[in-house]
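Enquirer: This is run-v3.csv (CSV, C-alpha atoms and all ligand atoms).
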```csv
chain,number,residue,atom,x,y,z
A,1,MET,CA,0.0,0.0,0.0
A,2,THR,CA,1.4,3.4,-0.8
A,3,GLN,CA,1.7,6.1,1.8
A,4,GLU,CA,-1.0,8.2,0.0
A,5,ASN,CA,-3.8,5.7,0.7
A,6,SER,CA,-2.5,4.4,4.0
A,7,ALA,CA,-3.8,5.8,7.3
A,8,ASN,CA,-0.4,7.0,8.4
A,9,ARG,CA,0.4,10.3,6.8
A,10,VAL,CA,4.0,11.3,7.4
A,11,ALA,CA,5.7,14.7,6.7
A,12,ILE,CA,9.3,15.6,6.7
A,13,TYR,CA,10.1,18.9,8.3
A,14,PRO,CA,13.6,19.7,7.1
A,15,GLY,CA,15.7,22.6,8.3
A,16,SER,CA,19.0,23.6,9.8
A,17,PHE,CA,17.5,24.1,13.2
A,18,ASP,CA,20.6,25.9,14.4
A,19,PRO,CA,19.0,26.2,16.9
A,20,ILE,CA,15.3,25.2,17.0
A,21,THR,CA,13.1,28.2,17.9
A,22,ASN,CA,9.6,28.5,19.3
A,23,GLY,CA,8.5,29.3,15.8
A,24,HIS,CA,9.6,25.8,14.7
A,25,VAL,CA,8.1,24.2,17.7
A,26,ASP,CA,4.7,25.9,17.0
A,27,LEU,CA,4.8,24.7,13.4
A,28,ILE,CA,5.5,21.1,14.4
A,29,LYS,CA,2.7,21.1,17.0
A,30,ARG,CA,0.3,22.5,14.4
A,31,GLY,CA,1.6,20.1,11.8
A,32,LEU,CA,0.5,17.2,14.1
A,33,ASN,CA,-3.1,18.3,13.5
A,34,ILE,CA,-2.6,17.5,9.8
A,35,PHE,CA,0.0,14.6,9.9
A,36,ASP,CA,0.2,11.5,11.9
A,37,GLU,CA,3.9,11.7,12.1
A,38,ILE,CA,6.4,14.5,11.6
A,39,ILE,CA,10.1,13.7,11.0
A,40,VAL,CA,12.1,16.8,12.1
A,41,LEU,CA,15.1,16.4,9.8
A,42,ILE,CA,18.3,18.3,10.4
A,43,ALA,CA,19.5,18.5,6.8
A,44,TYR,CA,23.1,19.6,7.0
A,45,ASN,CA,26.0,20.3,4.7
A,46,PRO,CA,29.2,18.9,6.1
A,47,ASN,CA,31.2,21.7,4.5
A,48,LYS,CA,29.2,24.4,6.2
A,49,SER,CA,29.8,25.6,9.8
A,50,TYR,CA,27.0,25.7,12.3
A,51,LEU,CA,26.9,27.0,15.9
A,52,PHE,CA,25.6,23.7,17.2
A,53,SER,CA,26.8,20.3,16.2
A,54,VAL,CA,24.2,17.9,14.6
A,55,GLU,CA,24.2,15.9,17.8
A,56,GLU,CA,23.5,19.0,20.0
A,57,ARG,CA,20.7,20.1,17.7
A,58,MET,CA,19.1,16.6,17.7
A,59,GLU,CA,19.4,16.4,21.5
A,60,MET,CA,17.8,19.9,22.0
A,61,ILE,CA,14.9,19.0,19.7
A,62,ARG,CA,14.4,15.6,21.4
A,63,GLU,CA,14.3,17.3,24.8
A,64,VAL,CA,11.6,19.7,23.6
A,65,PHE,CA,9.4,16.9,22.1
A,66,ASN,CA,10.3,14.3,24.7
A,67,GLY,CA,7.2,12.0,24.9
A,68,THR,CA,5.3,13.7,22.2
A,69,LYS,CA,3.6,11.1,20.0
A,70,GLY,CA,4.2,11.5,16.3
A,71,VAL,CA,7.5,13.5,16.4
A,72,ARG,CA,10.7,11.8,15.3
A,73,VAL,CA,14.1,13.5,14.9
A,74,ASP,CA,16.6,12.5,12.3
A,75,CYS,CA,19.6,14.0,10.4
A,76,TYR,CA,20.8,13.7,6.8
A,77,ALA,CA,23.8,15.1,4.9
A,78,GLY,CA,22.6,14.6,1.3
A,79,LEU,CA,19.9,15.8,-0.9
A,80,LEU,CA,16.5,16.1,0.7
A,81,VAL,CA,14.8,14.3,-2.2
A,82,ASP,CA,17.1,11.3,-1.6
A,83,TYR,CA,16.1,11.2,2.1
A,84,LEU,CA,12.4,11.2,1.1
A,85,LYS,CA,13.1,8.4,-1.3
A,86,ILE,CA,14.9,6.3,1.3
A,87,SER,CA,12.3,7.0,4.0
A,88,GLY,CA,9.4,6.3,1.6
A,89,THR,CA,7.8,9.7,2.2
A,90,SER,CA,6.6,12.3,-0.2
A,91,ILE,CA,5.5,15.3,1.8
A,92,ILE,CA,7.8,18.2,2.9
A,93,MET,CA,6.4,20.6,5.4
A,94,ARG,CA,7.9,24.1,5.6
A,95,GLY,CA,6.9,27.3,7.4
A,96,MET,CA,6.4,30.6,5.7
A,97,ARG,CA,6.9,33.8,7.7
A,98,ALA,CA,6.7,37.1,5.9
A,99,LEU,CA,6.7,37.6,2.1
A,100,SER,CA,10.5,37.6,2.3
A,101,ASP,CA,10.5,33.9,2.8
A,102,PHE,CA,8.4,33.3,-0.3
A,103,GLU,CA,11.1,33.4,-3.1
A,104,TYR,CA,13.5,31.1,-1.2
A,105,GLU,CA,10.8,28.6,-0.4
A,106,PHE,CA,9.3,28.7,-3.9
A,107,GLN,CA,12.7,28.0,-5.4
A,108,MET,CA,13.4,25.1,-3.1
A,109,ALA,CA,9.9,23.6,-3.6
A,110,LEU,CA,10.3,23.8,-7.4
A,111,MET,CA,13.8,22.4,-7.4
A,112,ASN,CA,12.8,19.5,-5.3
A,113,ARG,CA,9.8,18.8,-7.5
A,114,ARG,CA,11.9,19.0,-10.6
A,115,GLN,CA,13.9,16.1,-9.2
A,116,THR,CA,11.0,14.0,-8.4
A,117,ARG,CA,7.4,14.7,-9.3
A,118,LYS,CA,6.2,12.6,-6.4
A,119,ILE,CA,7.0,15.2,-3.9
A,120,GLU,CA,4.7,17.9,-2.5
A,121,THR,CA,5.7,20.7,-0.3
A,122,VAL,CA,3.1,21.9,2.2
A,123,PHE,CA,3.5,25.3,3.7
A,124,LEU,CA,2.0,26.4,7.0
A,125,MET,CA,1.9,30.1,7.9
A,126,SER,CA,4.2,30.9,10.7
A,127,GLY,CA,2.3,31.8,13.9
A,128,PHE,CA,1.8,35.5,14.2
A,129,LYS,CA,3.9,35.6,17.5
A,130,TRP,CA,6.9,34.2,15.6
A,131,PHE,CA,6.9,36.3,12.5
A,132,TYR,CA,10.2,37.9,13.4
A,133,THR,CA,11.9,34.9,14.9
A,134,SER,CA,14.7,33.3,13.0
A,135,SER,CA,17.6,31.2,14.1
A,136,ARG,CA,20.0,33.7,12.6
A,137,LEU,CA,18.7,36.6,14.6
A,138,ILE,CA,18.5,34.6,17.7
A,139,LYS,CA,22.2,33.8,17.5
A,140,GLU,CA,23.1,37.4,16.7
A,141,VAL,CA,21.1,38.8,19.6
A,142,VAL,CA,22.6,36.3,22.1
A,143,SER,CA,26.1,36.7,20.8
A,144,LEU,CA,25.8,40.5,21.5
A,145,GLY,CA,24.5,39.9,25.0
A,146,GLY,CA,20.8,40.3,24.3
A,147,SER,CA,18.0,38.1,25.7
A,148,VAL,CA,15.9,35.7,23.6
A,149,LYS,CA,13.9,34.3,26.5
A,150,GLY,CA,10.5,33.3,25.2
A,151,LEU,CA,11.6,33.0,21.6
A,152,VAL,CA,13.3,29.7,22.0
A,153,PRO,CA,12.6,26.7,24.3
A,154,ASP,CA,14.2,27.0,27.8
A,155,ASN,CA,16.7,24.3,27.1
A,156,VAL,CA,17.8,26.0,23.9
A,157,ASN,CA,18.1,29.4,25.8
A,158,GLN,CA,20.3,27.7,28.3
A,159,LYS,CA,22.5,26.2,25.6
A,160,LEU,CA,22.8,29.5,23.8
A,161,ILE,CA,23.9,31.2,27.0
A,162,GLU,CA,26.5,28.5,27.6
A,163,LYS,CA,27.8,28.8,24.0
A,164,PHE,CA,28.4,32.5,24.1
B,201,LIG,O1,16.3,26.0,7.9
B,201,LIG,P1,16.9,26.3,6.6
B,201,LIG,O2,18.3,26.5,6.6
B,201,LIG,O3,16.1,27.3,5.8
B,201,LIG,O4,16.7,24.9,5.8
B,201,LIG,C1,17.1,24.7,4.4
B,201,LIG,C2,17.1,23.2,4.1
B,201,LIG,C3,18.0,22.5,5.0
B,201,LIG,C4,15.7,22.7,4.1
B,201,LIG,C5,17.7,23.1,2.6
B,201,LIG,O5,18.9,23.7,2.5
B,201,LIG,C6,17.8,21.6,2.2
B,201,LIG,O6,16.9,21.0,1.8
B,201,LIG,N1,19.1,21.1,2.3
B,201,LIG,C7,19.3,19.7,1.9
B,201,LIG,C8,20.2,19.6,0.6
B,201,LIG,C9,19.3,19.8,-0.6
B,201,LIG,O7,18.4,19.0,-0.9
B,201,LIG,N2,19.4,21.0,-1.2
B,201,LIG,C10,18.6,21.4,-2.4
B,201,LIG,C11,17.4,22.1,-1.9
B,201,LIG,S1,16.4,22.6,-3.3
```
I'd like the structure from this file rewritten - as structure tokens, please.
Expert:
Amino acid sequence: MTQENSANRVAIYPGSFDPITNGHVDLIKRGLNIFDEIIVLIAYNPNKSYLFSVEERMEMIREVFNGTKGVRVDCYAGLLVDYLKISGTSIIMRGMRALSDFEYEFQMALMNRRQTRKIETVFLMSGFKWFYTSSRLIKEVVSLGGSVKGLVPDNVNQKLIEKF
């Protein structure tokens, strides 16, 4: 039976999650109203540098969703479409904040679909509270001594403080 007509609808939620923010957390929780299972996928490029290691990022996400049914965390260093093929899934979930996200997201969705027509990208609007939250700004603010309390989960806030 294919995934499309089975009862278990799985979506891959890929991202850098460096680190996960409350905007991501909100999206995953809302995604669970649509999908039976969400695989939060840390898609990383081994040649790129990140603030947190893949292991640290996975651990932080696992701590946040500890015990939440339907959330799995994984990582992958190759093409996203290859991960979808290997895992037998066909749905990518992504969040969209302001209009500024649109072009980047549109390009990625079309590029992924160009590689395999079986893929669909589903966009959820970012929660209003998280419109201005991004991992990049979070890191910048903390690195300069600012507070991001409330914008990231508490365990992530703690890890950020330790890093800087
Ligand atoms: O959180 P980000 O950094 O916006 O996520 C971007 C991400 C990781 C989803 C994207 O870079 C990606 O899919 N990387 C995996 C490699 C790949 O498939 N690249 C081609 C994308 S069209």
Enquirer: Counting only C-alpha atoms and all ligand atoms, which residue out of A:Phe164, A:Tyr104, A:Phe35, A:Phe52 sits closest to ligand LIG 201 (chain B)?
Expert: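 Among the listed residues, the smallest separation from ligand LIG 201 (chain B) belongs to A:Tyr104.
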Enquirer: Could you list, as a list of chain:residue names, all the residues within 8 Å of ligand LIG 201 (chain B), counting only C-alpha atoms and all ligand atoms?
Expert: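 Counting only C-alpha atoms and all ligand atoms, the residues within 8 Å of ligand LIG 201 (chain B) come out as A:Tyr13, A:Pro14, A:Gly15, A:Ser16, A:Phe17, A:Asp18, A:Ile42, A:Ala43, A:Tyr44, A:Asn45, A:Tyr76, A:Ala77, A:Gly78, A:Leu79, A:Leu80, A:Val81, A:Asp82, A:Gln107, A:Met108, A:Ala109, A:Leu110, A:Met111, A:Asn112.
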Enquirer: Hey, can you check how far CA of Ile92 (chain A) sits from CA of Val122 (chain A)?
Expert: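 Going from CA of Ile92 (chain A) over to CA of Val122 (chain A), I get 6.0 Å.
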Enquirer: I need the residue nearest Gly88 (chain A) from this list: A:Lys118, A:Val71, A:Met60, A:Ile20. Use all atoms listed in the file for the distance.
Expert: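 Smallest separation from Gly88 (chain A) among the options: A:Lys118.
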Enquirer: Tell me which protein, DNA and RNA residues are within 12 Å of Gln158 (chain A), counting only C-alpha atoms, leaving out same-chain ones fewer than 4 positions away, and put them as a PDB file with C-alpha atoms, keeping the file's coordinate frame.
Expert:
```pdb
ATOM      1  CA  PRO A  19      19.000  26.200  16.900  1.00  0.00           C
ATOM      2  CA  MET A  60      17.800  19.900  22.000  1.00  0.00           C
ATOM      3  CA  VAL A 142      22.600  36.300  22.100  1.00  0.00           C
ATOM      4  CA  SER A 147      18.000  38.100  25.700  1.00  0.00           C
ATOM      5  CA  VAL A 148      15.900  35.700  23.600  1.00  0.00           C
ATOM      6  CA  LYS A 149      13.900  34.300  26.500  1.00  0.00           C
ATOM      7  CA  GLY A 150      10.500  33.300  25.200  1.00  0.00           C
ATOM      8  CA  VAL A 152      13.300  29.700  22.000  1.00  0.00           C
ATOM      9  CA  PRO A 153      12.600  26.700  24.300  1.00  0.00           C
ATOM     10  CA  ASP A 154      14.200  27.000  27.800  1.00  0.00           C
ATOM     11  CA  GLU A 162      26.500  28.500  27.600  1.00  0.00           C
ATOM     12  CA  LYS A 163      27.800  28.800  24.000  1.00  0.00           C
ATOM     13  CA  PHE A 164      28.400  32.500  24.100  1.00  0.00           C
TER      14      PHE A 164
END
```
Enquirer: Measure the distance from CA of Asn8 (chain A) to CA of Asp36 (chain A) in Å and round it to one decimal.
Expert: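 Separating CA of Asn8 (chain A) from CA of Asp36 (chain A) is a distance of 5.7 Å.
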Enquirer: Provide the CA of Cys75 (chain A) to CA of Thr121 (chain A) distance in Å, to one decimal place.
Expert: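 Distance between the two atoms: 18.8 Å.
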Enquirer: Return the single residue from A:Leu160, A:Gly127, A:Ile119, A:Leu137 that is closest to Tyr83 (chain A), with distances computed using only C-alpha atoms.
Expert: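 Among the listed residues, the smallest separation from Tyr83 (chain A) belongs to A:Ile119.
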Enquirer: From the options A:Arg72, A:Arg94, A:Arg114, A:Lys129, which residue's atoms come nearest to Leu27 (chain A), counting all atoms listed in the file?
Expert: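 Of A:Arg72, A:Arg94, A:Arg114, A:Lys129, the one nearest Leu27 (chain A), counting all atoms listed in the file, is A:Arg94.
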Enquirer: Between A:Arg62, A:Glu55, A:Glu103, A:Phe128, which has the minimum distance to Asp26 (chain A) (counting only C-alpha atoms)?
Expert: A:Phe128
